[in-house]
file protein-v8.txt (compact mmCIF, N, CA and C atoms)
# COMPACT_ATOMS: atom_id res chain seq x y z
N MET A 1 30.90 -36.22 -23.02
CA MET A 1 31.50 -34.89 -23.12
C MET A 1 31.89 -34.61 -24.58
N LYS A 2 32.45 -35.62 -25.25
CA LYS A 2 32.87 -35.43 -26.63
C LYS A 2 31.67 -35.09 -27.52
N GLN A 3 30.51 -35.74 -27.28
CA GLN A 3 29.32 -35.46 -28.07
C GLN A 3 28.83 -34.03 -27.84
N ILE A 4 28.90 -33.56 -26.61
CA ILE A 4 28.50 -32.19 -26.30
C ILE A 4 29.41 -31.21 -27.01
N LEU A 5 30.72 -31.49 -26.98
CA LEU A 5 31.68 -30.61 -27.65
C LEU A 5 31.42 -30.57 -29.15
N MET A 6 31.17 -31.72 -29.76
CA MET A 6 30.88 -31.76 -31.20
C MET A 6 29.61 -30.98 -31.53
N ALA A 7 28.58 -31.10 -30.69
CA ALA A 7 27.34 -30.36 -30.90
C ALA A 7 27.61 -28.86 -30.82
N ALA A 8 28.45 -28.47 -29.88
CA ALA A 8 28.78 -27.05 -29.73
C ALA A 8 29.53 -26.55 -30.96
N VAL A 9 30.43 -27.35 -31.50
CA VAL A 9 31.17 -26.96 -32.70
C VAL A 9 30.22 -26.80 -33.88
N MET A 10 29.26 -27.72 -34.03
CA MET A 10 28.30 -27.63 -35.13
C MET A 10 27.41 -26.40 -34.95
N LEU A 11 27.01 -26.13 -33.71
CA LEU A 11 26.22 -24.94 -33.43
C LEU A 11 27.01 -23.69 -33.77
N LEU A 12 28.26 -23.66 -33.38
CA LEU A 12 29.14 -22.53 -33.67
C LEU A 12 29.24 -22.32 -35.18
N ALA A 13 29.41 -23.38 -35.93
CA ALA A 13 29.52 -23.26 -37.39
C ALA A 13 28.25 -22.68 -37.98
N THR A 14 27.10 -23.09 -37.46
CA THR A 14 25.83 -22.56 -37.95
C THR A 14 25.70 -21.09 -37.63
N VAL A 15 26.08 -20.72 -36.41
CA VAL A 15 25.96 -19.32 -35.98
C VAL A 15 26.88 -18.43 -36.79
N VAL A 16 28.14 -18.80 -36.92
CA VAL A 16 29.13 -17.97 -37.59
C VAL A 16 28.83 -17.83 -39.08
N THR A 17 28.33 -18.90 -39.69
CA THR A 17 28.07 -18.84 -41.12
C THR A 17 26.70 -18.30 -41.45
N GLY A 18 25.89 -18.03 -40.40
CA GLY A 18 24.54 -17.53 -40.66
C GLY A 18 23.65 -18.59 -41.27
N GLY A 19 23.88 -19.82 -40.89
CA GLY A 19 23.14 -20.95 -41.41
C GLY A 19 21.67 -20.90 -41.00
N PRO A 20 20.97 -22.02 -41.16
CA PRO A 20 19.55 -22.04 -40.87
C PRO A 20 19.27 -21.71 -39.42
N ALA A 21 18.06 -21.20 -39.17
CA ALA A 21 17.68 -20.81 -37.81
C ALA A 21 17.73 -22.02 -36.89
N LEU A 22 18.14 -21.79 -35.67
CA LEU A 22 18.22 -22.84 -34.69
C LEU A 22 16.93 -22.89 -33.90
N ALA A 23 16.68 -23.99 -33.23
CA ALA A 23 15.47 -24.16 -32.44
C ALA A 23 15.28 -22.98 -31.50
N GLY A 24 14.09 -22.46 -31.47
CA GLY A 24 13.77 -21.37 -30.56
C GLY A 24 14.06 -20.00 -31.13
N GLY A 25 14.51 -19.92 -32.35
CA GLY A 25 14.84 -18.59 -32.86
C GLY A 25 14.63 -18.50 -34.35
N ALA A 26 14.66 -17.29 -34.85
CA ALA A 26 14.40 -17.09 -36.27
C ALA A 26 15.59 -16.50 -37.00
N SER A 27 16.62 -16.09 -36.28
CA SER A 27 17.68 -15.35 -36.95
C SER A 27 18.86 -16.19 -37.39
N GLY A 28 19.00 -17.39 -36.91
CA GLY A 28 20.19 -18.17 -37.21
C GLY A 28 21.35 -17.78 -36.34
N GLN A 29 21.13 -16.92 -35.36
CA GLN A 29 22.18 -16.50 -34.45
C GLN A 29 21.83 -16.82 -33.01
N MET A 30 20.92 -17.74 -32.79
CA MET A 30 20.51 -18.06 -31.43
C MET A 30 21.53 -18.98 -30.77
N MET A 31 21.76 -18.74 -29.51
CA MET A 31 22.65 -19.58 -28.73
C MET A 31 21.88 -20.04 -27.51
N PRO A 32 22.25 -21.19 -26.93
CA PRO A 32 21.57 -21.64 -25.72
C PRO A 32 21.62 -20.58 -24.63
N ALA A 33 20.53 -20.49 -23.88
CA ALA A 33 20.40 -19.44 -22.86
C ALA A 33 21.43 -19.57 -21.74
N GLN A 34 22.05 -20.73 -21.59
CA GLN A 34 23.00 -20.89 -20.49
C GLN A 34 24.30 -20.12 -20.70
N TYR A 35 24.50 -19.54 -21.89
CA TYR A 35 25.71 -18.76 -22.12
C TYR A 35 25.52 -17.34 -21.62
N PRO A 36 26.10 -16.99 -20.47
CA PRO A 36 25.92 -15.63 -19.95
C PRO A 36 26.77 -14.61 -20.68
N ARG A 37 27.84 -15.04 -21.31
CA ARG A 37 28.70 -14.14 -22.08
C ARG A 37 28.84 -14.71 -23.47
N CYS A 38 29.30 -13.92 -24.34
CA CYS A 38 29.40 -14.38 -25.72
C CYS A 38 30.57 -15.33 -25.89
N PRO A 39 30.32 -16.61 -26.16
CA PRO A 39 31.40 -17.58 -26.30
C PRO A 39 31.89 -17.73 -27.73
N VAL A 40 31.27 -17.05 -28.66
CA VAL A 40 31.53 -17.25 -30.07
C VAL A 40 32.31 -16.08 -30.64
N GLY A 41 33.12 -16.35 -31.63
CA GLY A 41 33.80 -15.27 -32.35
C GLY A 41 35.19 -15.02 -31.81
N THR A 42 35.76 -13.98 -32.30
CA THR A 42 37.09 -13.58 -31.89
C THR A 42 36.98 -12.24 -31.21
N ALA A 43 38.09 -11.64 -30.92
CA ALA A 43 38.07 -10.30 -30.35
C ALA A 43 37.47 -9.32 -31.34
N TRP A 44 37.44 -9.68 -32.61
CA TRP A 44 36.96 -8.75 -33.64
C TRP A 44 35.47 -8.82 -33.84
N GLN A 45 34.88 -9.99 -33.67
CA GLN A 45 33.46 -10.11 -33.91
C GLN A 45 32.85 -11.14 -32.99
N CYS A 46 31.74 -10.79 -32.40
CA CYS A 46 31.02 -11.68 -31.52
C CYS A 46 29.64 -11.91 -32.10
N LYS A 47 29.16 -13.14 -32.10
CA LYS A 47 27.82 -13.42 -32.60
C LYS A 47 27.13 -14.39 -31.66
N CYS A 48 26.28 -13.89 -30.81
CA CYS A 48 25.40 -14.74 -30.02
C CYS A 48 24.21 -13.91 -29.59
N VAL A 49 23.06 -14.50 -29.58
CA VAL A 49 21.85 -13.80 -29.16
C VAL A 49 21.11 -14.72 -28.21
N PRO A 50 20.83 -14.27 -27.00
CA PRO A 50 20.09 -15.12 -26.07
C PRO A 50 18.66 -15.31 -26.55
N ILE A 51 18.06 -16.41 -26.16
CA ILE A 51 16.68 -16.68 -26.51
C ILE A 51 15.81 -15.69 -25.74
N GLY A 52 14.93 -15.01 -26.43
CA GLY A 52 14.05 -14.04 -25.80
C GLY A 52 14.74 -12.71 -25.60
N GLY A 53 13.98 -11.70 -25.27
CA GLY A 53 14.55 -10.39 -25.01
C GLY A 53 14.58 -9.52 -26.25
N GLU A 54 14.19 -8.28 -26.08
CA GLU A 54 14.20 -7.31 -27.18
C GLU A 54 15.64 -6.93 -27.49
N THR A 55 15.98 -6.86 -28.75
CA THR A 55 17.33 -6.46 -29.16
C THR A 55 17.27 -5.19 -29.99
N ARG A 56 18.38 -4.48 -30.00
CA ARG A 56 18.54 -3.30 -30.84
C ARG A 56 19.99 -3.25 -31.30
N THR A 57 20.19 -2.98 -32.57
CA THR A 57 21.53 -2.84 -33.12
C THR A 57 21.84 -1.37 -33.30
N PHE A 58 22.95 -0.95 -32.70
CA PHE A 58 23.43 0.42 -32.84
C PHE A 58 24.55 0.40 -33.87
N ARG A 59 24.33 1.00 -35.02
CA ARG A 59 25.35 1.06 -36.06
C ARG A 59 26.19 2.31 -35.83
N SER A 60 27.49 2.18 -36.00
CA SER A 60 28.42 3.30 -35.76
C SER A 60 28.14 3.96 -34.40
N PRO A 61 28.19 3.18 -33.31
CA PRO A 61 27.81 3.72 -32.00
C PRO A 61 28.66 4.92 -31.59
N ARG A 62 27.98 5.85 -30.90
CA ARG A 62 28.61 7.09 -30.49
C ARG A 62 28.55 7.21 -28.97
N TYR A 63 29.52 7.92 -28.42
CA TYR A 63 29.58 8.19 -26.98
C TYR A 63 29.99 9.64 -26.79
N GLU A 64 29.12 10.40 -26.14
CA GLU A 64 29.36 11.82 -25.88
C GLU A 64 29.78 12.58 -27.14
N GLY A 65 29.08 12.32 -28.23
CA GLY A 65 29.31 13.05 -29.48
C GLY A 65 30.41 12.51 -30.38
N PHE A 66 31.13 11.49 -29.94
CA PHE A 66 32.22 10.91 -30.72
C PHE A 66 31.92 9.45 -31.01
N ARG A 67 32.58 8.91 -32.03
CA ARG A 67 32.49 7.47 -32.25
C ARG A 67 33.03 6.77 -31.01
N LEU A 68 32.36 5.69 -30.60
CA LEU A 68 32.75 4.91 -29.43
C LEU A 68 34.05 4.16 -29.73
N ASP A 69 35.04 4.35 -28.88
CA ASP A 69 36.30 3.63 -29.06
C ASP A 69 36.11 2.16 -28.72
N TRP A 70 36.85 1.30 -29.37
CA TRP A 70 36.83 -0.14 -29.19
C TRP A 70 37.31 -0.53 -27.79
N CYS A 71 38.16 0.27 -27.17
CA CYS A 71 38.74 -0.07 -25.87
C CYS A 71 38.13 0.78 -24.74
N TRP A 72 38.06 0.19 -23.56
CA TRP A 72 37.54 0.85 -22.37
C TRP A 72 38.47 1.98 -21.94
N THR A 73 39.76 1.69 -21.87
CA THR A 73 40.80 2.68 -21.64
C THR A 73 41.86 2.43 -22.70
N TRP A 74 42.88 3.25 -22.75
CA TRP A 74 43.87 3.17 -23.82
C TRP A 74 44.44 1.76 -23.95
N SER A 75 44.06 1.06 -25.02
CA SER A 75 44.54 -0.29 -25.36
C SER A 75 44.27 -1.34 -24.28
N GLN A 76 43.28 -1.13 -23.43
CA GLN A 76 42.95 -2.11 -22.39
C GLN A 76 41.44 -2.36 -22.35
N HIS A 77 41.09 -3.60 -22.05
CA HIS A 77 39.70 -4.02 -21.90
C HIS A 77 38.90 -3.70 -23.16
N CYS A 78 39.42 -4.12 -24.28
CA CYS A 78 38.80 -3.82 -25.57
C CYS A 78 37.71 -4.84 -25.91
N GLY A 79 36.68 -4.39 -26.58
CA GLY A 79 35.63 -5.28 -27.05
C GLY A 79 34.51 -5.49 -26.06
N HIS A 80 34.51 -6.66 -25.41
CA HIS A 80 33.39 -7.11 -24.58
C HIS A 80 33.01 -6.11 -23.50
N LYS A 81 33.95 -5.66 -22.71
CA LYS A 81 33.65 -4.73 -21.61
C LYS A 81 33.03 -3.43 -22.14
N THR A 82 33.60 -2.88 -23.17
CA THR A 82 33.09 -1.63 -23.73
C THR A 82 31.69 -1.82 -24.33
N ALA A 83 31.50 -2.90 -25.07
CA ALA A 83 30.19 -3.18 -25.68
C ALA A 83 29.12 -3.35 -24.61
N ASN A 84 29.42 -4.12 -23.56
CA ASN A 84 28.45 -4.32 -22.48
C ASN A 84 28.08 -3.01 -21.80
N GLU A 85 29.06 -2.21 -21.49
CA GLU A 85 28.79 -0.94 -20.81
C GLU A 85 28.00 0.01 -21.71
N PHE A 86 28.31 0.02 -22.99
CA PHE A 86 27.55 0.84 -23.94
C PHE A 86 26.07 0.45 -23.88
N CYS A 87 25.80 -0.85 -23.89
CA CYS A 87 24.42 -1.32 -23.84
C CYS A 87 23.75 -0.91 -22.53
N ARG A 88 24.44 -1.12 -21.42
CA ARG A 88 23.87 -0.75 -20.12
C ARG A 88 23.52 0.74 -20.07
N ARG A 89 24.39 1.57 -20.58
CA ARG A 89 24.15 3.01 -20.55
C ARG A 89 23.04 3.45 -21.51
N ASN A 90 22.65 2.55 -22.39
CA ASN A 90 21.56 2.83 -23.31
C ASN A 90 20.29 2.08 -22.94
N GLY A 91 20.22 1.59 -21.69
CA GLY A 91 19.00 0.96 -21.18
C GLY A 91 18.83 -0.51 -21.49
N TYR A 92 19.90 -1.17 -21.91
CA TYR A 92 19.83 -2.60 -22.22
C TYR A 92 20.65 -3.38 -21.20
N ARG A 93 20.40 -4.69 -21.13
CA ARG A 93 21.07 -5.52 -20.14
C ARG A 93 22.54 -5.77 -20.47
N ARG A 94 22.81 -6.11 -21.75
CA ARG A 94 24.18 -6.42 -22.14
C ARG A 94 24.30 -6.49 -23.66
N ALA A 95 25.54 -6.56 -24.12
CA ALA A 95 25.81 -6.72 -25.54
C ALA A 95 25.77 -8.19 -25.90
N VAL A 96 25.21 -8.50 -27.06
CA VAL A 96 25.18 -9.88 -27.52
C VAL A 96 25.89 -10.06 -28.86
N ASN A 97 25.99 -9.03 -29.64
CA ASN A 97 26.70 -9.08 -30.93
C ASN A 97 27.47 -7.78 -31.10
N TRP A 98 28.60 -7.87 -31.73
CA TRP A 98 29.32 -6.65 -32.11
C TRP A 98 30.35 -6.98 -33.17
N LYS A 99 30.75 -5.95 -33.87
CA LYS A 99 31.82 -6.12 -34.86
C LYS A 99 32.75 -4.93 -34.75
N ALA A 100 34.00 -5.21 -34.66
CA ALA A 100 35.02 -4.17 -34.52
C ALA A 100 36.39 -4.80 -34.70
N PRO A 101 37.47 -4.07 -34.76
CA PRO A 101 37.44 -2.63 -34.84
C PRO A 101 37.33 -2.17 -36.27
N LEU A 102 36.61 -1.12 -36.42
CA LEU A 102 36.54 -0.41 -37.68
C LEU A 102 37.50 0.77 -37.51
N ILE A 103 38.57 0.78 -38.27
CA ILE A 103 39.58 1.83 -38.10
C ILE A 103 39.01 3.15 -38.61
N GLN A 104 39.01 4.12 -37.73
CA GLN A 104 38.42 5.42 -38.01
C GLN A 104 39.49 6.48 -38.25
N ILE A 105 39.17 7.44 -39.06
CA ILE A 105 40.03 8.60 -39.23
C ILE A 105 39.61 9.67 -38.22
N THR A 106 38.31 9.72 -37.94
CA THR A 106 37.80 10.71 -36.99
C THR A 106 38.12 10.26 -35.56
N PRO A 107 38.10 11.16 -34.59
CA PRO A 107 38.40 10.77 -33.20
C PRO A 107 37.36 9.80 -32.64
N THR A 108 37.82 8.97 -31.71
CA THR A 108 36.94 8.09 -30.94
C THR A 108 37.12 8.43 -29.47
N LYS A 109 36.10 8.08 -28.67
CA LYS A 109 36.17 8.38 -27.24
C LYS A 109 36.04 7.09 -26.43
N MET A 110 36.92 6.95 -25.43
CA MET A 110 36.92 5.78 -24.55
C MET A 110 35.98 6.00 -23.39
N MET A 111 35.10 5.03 -23.14
CA MET A 111 34.12 5.16 -22.07
C MET A 111 34.75 5.14 -20.69
N GLY A 112 35.76 4.32 -20.51
CA GLY A 112 36.35 4.14 -19.19
C GLY A 112 37.15 5.32 -18.70
N SER A 113 37.90 5.93 -19.59
CA SER A 113 38.80 7.02 -19.20
C SER A 113 38.35 8.39 -19.70
N GLY A 114 37.44 8.40 -20.68
CA GLY A 114 37.02 9.66 -21.27
C GLY A 114 38.03 10.24 -22.25
N GLN A 115 39.12 9.51 -22.50
CA GLN A 115 40.16 9.99 -23.41
C GLN A 115 39.67 9.96 -24.86
N LEU A 116 40.22 10.86 -25.66
CA LEU A 116 39.98 10.86 -27.09
C LEU A 116 41.17 10.23 -27.79
N CYS A 117 40.88 9.41 -28.79
CA CYS A 117 41.93 8.89 -29.67
C CYS A 117 41.88 9.75 -30.92
N THR A 118 42.98 10.42 -31.20
CA THR A 118 43.03 11.32 -32.37
C THR A 118 44.21 10.99 -33.28
N ILE A 119 44.77 9.78 -33.14
CA ILE A 119 45.98 9.44 -33.89
C ILE A 119 45.70 9.07 -35.34
N GLY A 120 44.42 9.02 -35.73
CA GLY A 120 44.07 8.73 -37.12
C GLY A 120 43.86 7.26 -37.41
N ARG A 121 44.22 6.38 -36.51
CA ARG A 121 43.98 4.95 -36.67
C ARG A 121 43.31 4.41 -35.41
N CYS A 122 42.22 5.04 -35.04
CA CYS A 122 41.50 4.68 -33.82
C CYS A 122 40.49 3.59 -34.13
N GLY A 123 40.39 2.59 -33.24
CA GLY A 123 39.45 1.49 -33.43
C GLY A 123 38.08 1.84 -32.88
N SER A 124 37.06 1.55 -33.66
CA SER A 124 35.68 1.79 -33.24
C SER A 124 34.82 0.61 -33.66
N PHE A 125 33.70 0.45 -32.99
CA PHE A 125 32.76 -0.61 -33.35
C PHE A 125 32.06 -0.26 -34.65
N GLU A 126 31.87 -1.28 -35.49
CA GLU A 126 31.04 -1.09 -36.67
C GLU A 126 29.58 -1.11 -36.23
N TRP A 127 29.26 -2.04 -35.32
CA TRP A 127 27.92 -2.11 -34.74
C TRP A 127 27.97 -2.87 -33.43
N ILE A 128 26.96 -2.62 -32.59
CA ILE A 128 26.77 -3.35 -31.32
C ILE A 128 25.29 -3.68 -31.23
N THR A 129 24.97 -4.94 -30.95
CA THR A 129 23.58 -5.34 -30.70
C THR A 129 23.43 -5.60 -29.22
N CYS A 130 22.41 -4.97 -28.63
CA CYS A 130 22.14 -5.07 -27.20
C CYS A 130 20.83 -5.83 -26.99
N VAL A 131 20.68 -6.42 -25.80
CA VAL A 131 19.45 -7.13 -25.44
C VAL A 131 18.90 -6.59 -24.13
N LYS A 132 17.58 -6.50 -24.02
CA LYS A 132 16.91 -6.05 -22.79
C LYS A 132 16.92 -7.15 -21.77

call {"tool": "encode", "arguments": {"input": "protein-v8.txt", "output": "structure tokens"}}
result
Amino acid sequence: MKQILMAAVMLLATVVTGGPALAGGASGQMMPAQYPRCPVGTAWQCKCVPIGGETRTFRSPRYEGFRLDWCWTWSQHCGHKTANEFCRRNGYRRAVNWKAPLIQITPTKMMGSGQLCTIGRCGSFEWITCVK
């Protein structure tokens, strides 16, 4: 078990630092296929890409004409849930990479509640990468 944990830590270091490409991939961000959710990163940034599958990165993602808010509803379910649903609604299976929050001056819109954040310090994704 300790050897597996150490291998995972080394893999994590390679992924986060953008080190050399890992077996089965060319980007240096490949993770073993057994990870169904993103195990890497913090609430602010996730970096994992499953082996295989078409990906697309949405920069400054928008929802119904507004920047996509970081949270599903007001200050709840931020990050992973919102990124995954954004991908699903754009014809992809799930989110595999994202970076947020990017503090916006312009309004953002929450997917879960449809609310607008107009307080001037609204969190939005810098980018979301989705996989088919």

call {"tool": "atom_distance", "arguments": {"input": "protein-v8.txt", "atom1": "atom N of Gly91 in chain A", "atom2": "atom N of Thr118 in chain A"}}
result
26.2 Å

call {"tool": "atom_distance", "arguments": {"input": "protein-v8.txt", "atom1": "atom C of Thr129 in chain A", "atom2": "atom C of Ser75 in chain A"}}
result
21.8 Å

call {"tool": "atom_distance", "arguments": {"input": "protein-v8.txt", "atom1": "atom C of Cys71 in chain A", "atom2": "CA of Arg56 in chain A"}}
result
20.9 Å

call {"tool": "residues_around", "arguments": {"input": "protein-v8.txt", "residues": "Pro107 in chain A", "least_positions_apart": "5", "cutoff": "6 Å", "atoms": "all atoms listed in the file", "output": "NGL selection string"}}
result
:A and (66-67 or 117-118)

call {"tool": "select_by_dssp", "arguments": {"input": "protein-v8.txt", "residues": "range 56-114 of chain A", "states": "strand (DSSP E or B)", "output": "PyMOL selection string"}}
result
chain A and resi 56-59+62-63+66-69+71-73+76-78+94-99+102-104+108-109
